$ cat my_file-v2.csv   # CSV, C-alpha atoms
chain,number,residue,atom,x,y,z
R,1,MET,CA,10.8,54.8,8.2
R,2,VAL,CA,12.2,51.2,7.9
R,3,LEU,CA,9.1,49.7,9.4
R,4,ILE,CA,6.8,50.6,6.5
R,5,PRO,CA,8.9,48.8,3.8
R,6,LEU,CA,9.1,45.7,6.0
R,7,VAL,CA,5.3,45.7,6.5
R,8,MET,CA,4.8,46.1,2.7
R,9,LEU,CA,7.3,43.2,2.0
R,10,ALA,CA,5.5,41.0,4.5
R,11,LYS,CA,2.2,41.7,2.9
R,12,ILE,CA,3.6,40.6,-0.5
R,13,TYR,CA,5.4,37.5,0.6
R,14,TYR,CA,3.4,36.1,3.5
R,15,PRO,CA,0.4,34.9,1.3
R,16,ASP,CA,2.8,32.9,-0.9
R,17,PHE,CA,4.5,31.4,2.2
R,18,ALA,CA,1.1,30.6,3.8
R,19,ALA,CA,-0.2,28.9,0.6
R,20,LYS,CA,2.9,26.8,0.3
R,21,ARG,CA,2.7,25.7,3.9
R,22,SER,CA,-1.0,24.9,3.6
R,23,ASN,CA,-0.2,22.8,0.5
R,24,GLU,CA,2.5,20.9,2.4
R,25,ASN,CA,0.1,20.2,5.2
R,26,GLN,CA,-2.4,18.9,2.7
R,27,LYS,CA,0.2,16.6,1.2
R,28,GLU,CA,1.1,15.3,4.7
R,29,GLN,CA,-2.6,14.6,5.5
R,30,PHE,CA,-3.2,12.7,2.3
R,31,GLN,CA,0.1,10.9,2.7
R,32,GLU,CA,-1.1,9.7,6.1
R,33,LEU,CA,-4.5,8.7,4.9
R,34,LEU,CA,-3.6,7.0,1.7
R,35,LEU,CA,-0.2,5.6,2.3
R,36,GLY,CA,0.1,5.3,6.1
R,37,GLY,CA,2.6,8.1,6.6
R,38,ASP,CA,5.8,6.2,6.7
R,39,ASP,CA,5.7,4.5,3.3
R,40,ASN,CA,9.1,5.2,1.8
R,41,ASN,CA,8.2,3.5,-1.5
R,42,ALA,CA,5.5,6.1,-2.5
R,43,SER,CA,4.6,9.6,-1.7
R,44,VAL,CA,1.9,12.2,-2.4
R,45,SER,CA,3.7,14.5,-4.7
R,46,SER,CA,1.0,17.1,-5.4
R,47,VAL,CA,-2.4,18.2,-4.1
R,48,SER,CA,-4.7,20.7,-6.0
R,49,ILE,CA,-8.1,21.6,-4.8
R,50,TYR,CA,-10.6,23.1,-7.3
R,51,GLU,CA,-14.3,23.9,-7.0
R,52,ASN,CA,-15.5,20.3,-7.7
R,53,VAL,CA,-12.4,18.1,-7.6
R,54,ILE,CA,-9.4,17.3,-5.4
R,55,SER,CA,-6.6,16.3,-7.7
R,56,LEU,CA,-3.8,14.2,-6.2
R,57,LYS,CA,-0.6,12.6,-7.6
R,58,ILE,CA,0.9,9.6,-5.9
R,59,ASN,CA,4.5,8.8,-7.0
R,60,ILE,CA,5.9,5.3,-6.6
R,61,HIS,CA,9.6,5.6,-6.2
R,62,ASN,CA,12.5,3.7,-7.8
R,63,VAL,CA,10.5,0.9,-9.5
R,64,LEU,CA,11.3,-0.8,-12.8
R,65,LEU,CA,7.9,-0.4,-14.4
R,66,THR,CA,7.3,-3.4,-16.7
R,67,GLU,CA,3.8,-4.0,-18.1
R,68,SER,CA,3.1,-6.7,-15.5
R,69,MET,CA,4.2,-4.3,-12.6
R,70,LYS,CA,2.1,-1.6,-14.1
R,71,THR,CA,-1.0,-3.9,-14.2
R,72,LYS,CA,-0.3,-5.0,-10.6
R,73,PHE,CA,0.1,-1.4,-9.4
R,74,SER,CA,-3.1,-0.3,-11.3
R,75,LYS,CA,-5.2,-3.2,-9.9
R,76,ASN,CA,-4.0,-2.6,-6.3
R,77,SER,CA,-4.5,1.2,-6.6
R,78,HIS,CA,-8.1,0.8,-7.9
R,79,ARG,CA,-8.8,-1.7,-5.1
R,80,ILE,CA,-7.2,0.1,-2.2
R,81,LEU,CA,-7.3,3.8,-2.7
R,82,PRO,CA,-11.1,4.4,-3.0
R,83,LYS,CA,-11.6,2.5,0.2
R,84,LYS,CA,-9.1,4.7,2.0
R,85,VAL,CA,-10.6,7.9,0.6
R,86,CYS,CA,-14.1,6.7,1.7
R,87,SER,CA,-12.8,5.9,5.2
R,88,SER,CA,-12.4,9.7,5.8
R,89,ALA,CA,-15.6,11.3,7.0
R,90,GLY,CA,-14.6,14.7,5.6
R,91,LEU,CA,-13.8,13.3,2.2
R,92,ARG,CA,-17.0,11.2,2.2
R,93,ASP,CA,-19.0,14.5,2.8
R,94,TRP,CA,-17.1,16.1,-0.1
R,95,LEU,CA,-18.0,13.2,-2.4
R,96,GLU,CA,-21.6,13.0,-1.3
R,97,SER,CA,-22.1,16.6,-2.3
R,98,GLY,CA,-21.5,15.6,-6.0
R,99,LYS,CA,-17.8,16.3,-6.1
R,100,TRP,CA,-15.0,13.9,-6.8
R,101,ILE,CA,-11.3,13.1,-6.2
R,102,SER,CA,-8.9,12.3,-9.0
R,103,ILE,CA,-5.8,10.3,-8.1
R,104,ASP,CA,-3.0,10.0,-10.7
R,105,VAL,CA,-0.7,7.2,-9.8
R,106,ILE,CA,2.8,7.6,-11.4
R,107,ALA,CA,6.1,5.8,-11.2
R,108,ASN,CA,9.5,7.4,-11.0
R,109,SER,CA,8.0,10.9,-11.2
R,110,ASP,CA,7.1,10.7,-14.9
R,111,GLU,CA,5.6,7.3,-15.9
R,112,THR,CA,1.8,7.1,-15.8
R,113,VAL,CA,0.4,4.0,-14.1
R,114,THR,CA,-3.3,4.8,-13.8
R,115,ASN,CA,-5.9,7.4,-12.9
R,116,ILE,CA,-8.6,6.7,-10.3
R,117,ARG,CA,-11.7,8.8,-10.1
R,118,VAL,CA,-13.4,8.4,-6.7
R,119,THR,CA,-17.0,9.6,-6.4
R,120,GLY,CA,-19.8,9.2,-3.9
R,121,GLU,CA,-20.8,6.0,-5.6
R,122,ASN,CA,-17.5,4.4,-4.5
R,123,CYS,CA,-18.4,4.9,-0.9
R,124,THR,CA,-21.8,3.2,-0.9

$ encode --input "my_file-v2.csv" --output "C-alpha coordinates"
Amino acid sequence: MVLIPLVMLAKIYYPDFAAKRSNENQKEQFQELLLGGDDNNASVSSVSIYENVISLKINIHNVLLTESMKTKFSKNSHRILPKKVCSSAGLRDWLESGKWISIDVIANSDETVTNIRVTGENCT
(Lines of atoms letter the chains of each structure in order from A and count residues from 1; the text may use other names and numbers.)
(Lines give C-alpha, C1' and ligand atoms only; values in the text may rest on other atoms or scores of the structure.)
Protein backbone atom coordinates (compact mmCIF):
# COMPACT_ATOMS: atom_id res chain seq x y z
CA MET A 1 0.00 0.00 0.00
CA VAL A 2 2.74 2.48 0.96
CA LEU A 3 4.92 1.47 -1.97
CA ILE A 4 2.57 2.82 -4.66
CA PRO A 5 2.56 6.42 -3.35
CA LEU A 6 6.35 6.31 -3.01
CA VAL A 7 6.74 5.17 -6.62
CA MET A 8 4.36 7.92 -7.77
CA LEU A 9 6.31 10.56 -5.83
CA ALA A 10 9.58 9.29 -7.29
CA LYS A 11 8.16 9.59 -10.82
CA ILE A 12 7.15 13.17 -10.11
CA TYR A 13 10.36 14.40 -8.47
CA TYR A 14 13.13 12.36 -10.10
CA PRO A 15 13.01 14.09 -13.52
CA ASP A 16 13.47 17.48 -11.82
CA PHE A 17 16.35 16.14 -9.74
CA ALA A 18 18.00 14.54 -12.79
CA ALA A 19 17.63 17.74 -14.85
CA LYS A 20 19.19 19.84 -12.07
CA ARG A 21 22.08 17.40 -11.72
CA SER A 22 22.62 17.38 -15.48
CA ASN A 23 22.71 21.20 -15.50
CA GLU A 24 25.25 21.21 -12.67
CA ASN A 25 27.41 18.76 -14.64
CA GLN A 26 27.21 21.02 -17.70
CA LYS A 27 28.26 24.03 -15.62
CA GLU A 28 31.23 22.08 -14.24
CA GLN A 29 32.29 20.97 -17.74
CA PHE A 30 32.14 24.51 -19.15
CA GLN A 31 33.88 25.84 -16.02
CA GLU A 32 36.75 23.43 -16.64
CA LEU A 33 36.95 24.16 -20.37
CA LEU A 34 36.63 27.95 -20.28
CA LEU A 35 38.07 28.91 -16.91
CA GLY A 36 40.36 26.05 -15.99
CA GLY A 37 38.22 24.69 -13.18
CA ASP A 38 39.90 26.33 -10.19
CA ASP A 39 39.42 30.00 -11.09
CA ASN A 40 37.91 31.56 -7.98
CA ASN A 41 37.56 34.96 -9.66
CA ALA A 42 34.98 33.80 -12.21
CA SER A 43 32.44 31.03 -12.63
CA VAL A 44 29.95 29.67 -15.12
CA SER A 45 26.68 30.71 -13.51
CA SER A 46 24.22 29.27 -16.05
CA VAL A 47 24.05 26.94 -19.03
CA SER A 48 21.01 26.62 -21.29
CA ILE A 49 20.89 24.43 -24.37
CA TYR A 50 18.34 25.15 -27.06
CA GLU A 51 17.86 23.73 -30.55
CA ASN A 52 20.53 25.90 -32.23
CA VAL A 53 22.35 27.67 -29.41
CA ILE A 54 24.16 26.98 -26.19
CA SER A 55 23.77 30.00 -23.92
CA LEU A 56 26.30 30.53 -21.12
CA LYS A 57 26.76 33.14 -18.43
CA ILE A 58 30.19 33.71 -16.95
CA ASN A 59 30.21 35.78 -13.79
CA ILE A 60 33.34 37.68 -12.72
CA HIS A 61 33.21 37.95 -8.93
CA ASN A 62 33.98 40.89 -6.65
CA VAL A 63 35.32 43.39 -9.15
CA LEU A 64 35.01 47.16 -9.23
CA LEU A 65 33.76 47.53 -12.80
CA THR A 66 35.09 50.83 -14.11
CA GLU A 67 34.90 51.61 -17.83
CA SER A 68 38.57 50.75 -18.28
CA MET A 69 38.13 47.41 -16.48
CA LYS A 70 35.01 46.68 -18.54
CA THR A 71 36.97 47.35 -21.74
CA LYS A 72 39.83 45.14 -20.56
CA PHE A 73 37.51 42.25 -19.59
CA SER A 74 35.64 42.60 -22.88
CA LYS A 75 38.81 42.51 -25.02
CA ASN A 76 40.26 39.57 -23.10
CA SER A 77 36.97 37.66 -23.28
CA HIS A 78 36.65 38.17 -27.05
CA ARG A 79 40.27 37.10 -27.53
CA ILE A 80 40.38 34.07 -25.22
CA LEU A 81 36.93 32.45 -24.96
CA PRO A 82 36.34 31.64 -28.68
CA LYS A 83 39.73 29.87 -28.80
CA LYS A 84 38.83 27.80 -25.75
CA VAL A 85 35.43 26.87 -27.23
CA CYS A 86 37.08 25.87 -30.52
CA SER A 87 39.60 23.69 -28.66
CA SER A 88 36.78 21.27 -27.80
CA ALA A 89 36.10 18.73 -30.57
CA GLY A 90 32.48 18.28 -29.45
CA LEU A 91 31.75 22.00 -29.44
CA ARG A 92 33.55 22.43 -32.77
CA ASP A 93 31.22 19.80 -34.28
CA TRP A 94 28.23 21.68 -32.81
CA LEU A 95 29.44 24.93 -34.40
CA GLU A 96 30.27 23.36 -37.77
CA SER A 97 26.67 22.14 -38.03
CA GLY A 98 25.54 25.79 -38.23
CA LYS A 99 24.76 26.27 -34.55
CA TRP A 100 26.41 28.78 -32.21
CA ILE A 101 27.35 29.49 -28.64
CA SER A 102 26.39 32.72 -26.89
CA ILE A 103 28.50 33.72 -23.89
CA ASP A 104 27.32 36.56 -21.65
CA VAL A 105 30.13 37.87 -19.48
CA ILE A 106 28.81 39.64 -16.40
CA ALA A 107 30.39 41.12 -13.30
CA ASN A 108 29.14 40.87 -9.73
CA SER A 109 26.12 38.84 -10.91
CA ASP A 110 24.32 41.77 -12.54
CA GLU A 111 26.56 44.12 -14.53
CA THR A 112 26.85 43.28 -18.22
CA VAL A 113 30.41 43.30 -19.55
CA THR A 114 30.00 41.84 -23.04
CA ASN A 115 28.35 39.17 -25.16
CA ILE A 116 30.37 36.85 -27.36
CA ARG A 117 28.80 34.87 -30.18
CA VAL A 118 30.98 31.94 -31.22
CA THR A 119 30.21 30.33 -34.58
CA GLY A 120 31.96 27.85 -36.82
CA GLU A 121 33.75 30.77 -38.51
CA ASN A 122 35.60 31.47 -35.27
CA CYS A 123 37.17 28.00 -35.43
CA THR A 124 38.68 28.24 -38.91

$ closest_residue --input "my_file-v2.csv" --among "R:Ser48, R:Ser43, R:Ser55, R:Ser68" --to "Val118 in chain R" --atoms "all atoms listed in the file"
R:Ser55

$ residues_around --input "my_file-v2.csv" --residues "range 74-84 of chain R" --least-positions-apart "5" --cutoff "9 Å" --atoms "only C-alpha atoms" --output "short mmCIF file (atom, residue, chain, number, x, y, z; two decimals) with C-alpha atoms, in the frame of the given file"
data_model
loop_
_atom_site.label_atom_id
_atom_site.label_comp_id
_atom_site.auth_asym_id
_atom_site.auth_seq_id
_atom_site.Cartn_x
_atom_site.Cartn_y
_atom_site.Cartn_z
CA LEU R 33 -4.50 8.70 4.90
CA LEU R 34 -3.60 7.00 1.70
CA LEU R 35 -0.20 5.60 2.30
CA MET R 69 4.20 -4.30 -12.60
CA ILE R 103 -5.80 10.30 -8.10
CA VAL R 105 -0.70 7.20 -9.80
CA VAL R 113 0.40 4.00 -14.10
CA THR R 114 -3.30 4.80 -13.80
CA ASN R 115 -5.90 7.40 -12.90
CA ILE R 116 -8.60 6.70 -10.30
CA ARG R 117 -11.70 8.80 -10.10
CA VAL R 118 -13.40 8.40 -6.70
CA THR R 119 -17.00 9.60 -6.40
CA ASN R 122 -17.50 4.40 -4.50
CA CYS R 123 -18.40 4.90 -0.90
#

$ residues_near_point --input "my_file-v2.csv" --point "(11.0, 2.6, -10.1)" --cutoff "6 Å" --atoms "all atoms listed in the file" --output "ChimeraX atom specification"
/R:61-64,107-108

$ closest_residue --input "my_file-v2.csv" --among "R:Ala42, R:Ser97, R:Glu28, R:Val47" --to "Asn59 in chain R" --atoms "only C-alpha atoms"
R:Ala42

$ residues_around --input "my_file-v2.csv" --residues "Gly120 in chain R" --least-positions-apart "4" --cutoff "12 Å" --atoms "only C-alpha atoms" --output "MDAnalysis selection string"
chainID R and resid 82:83 85:87 89 91:101 124
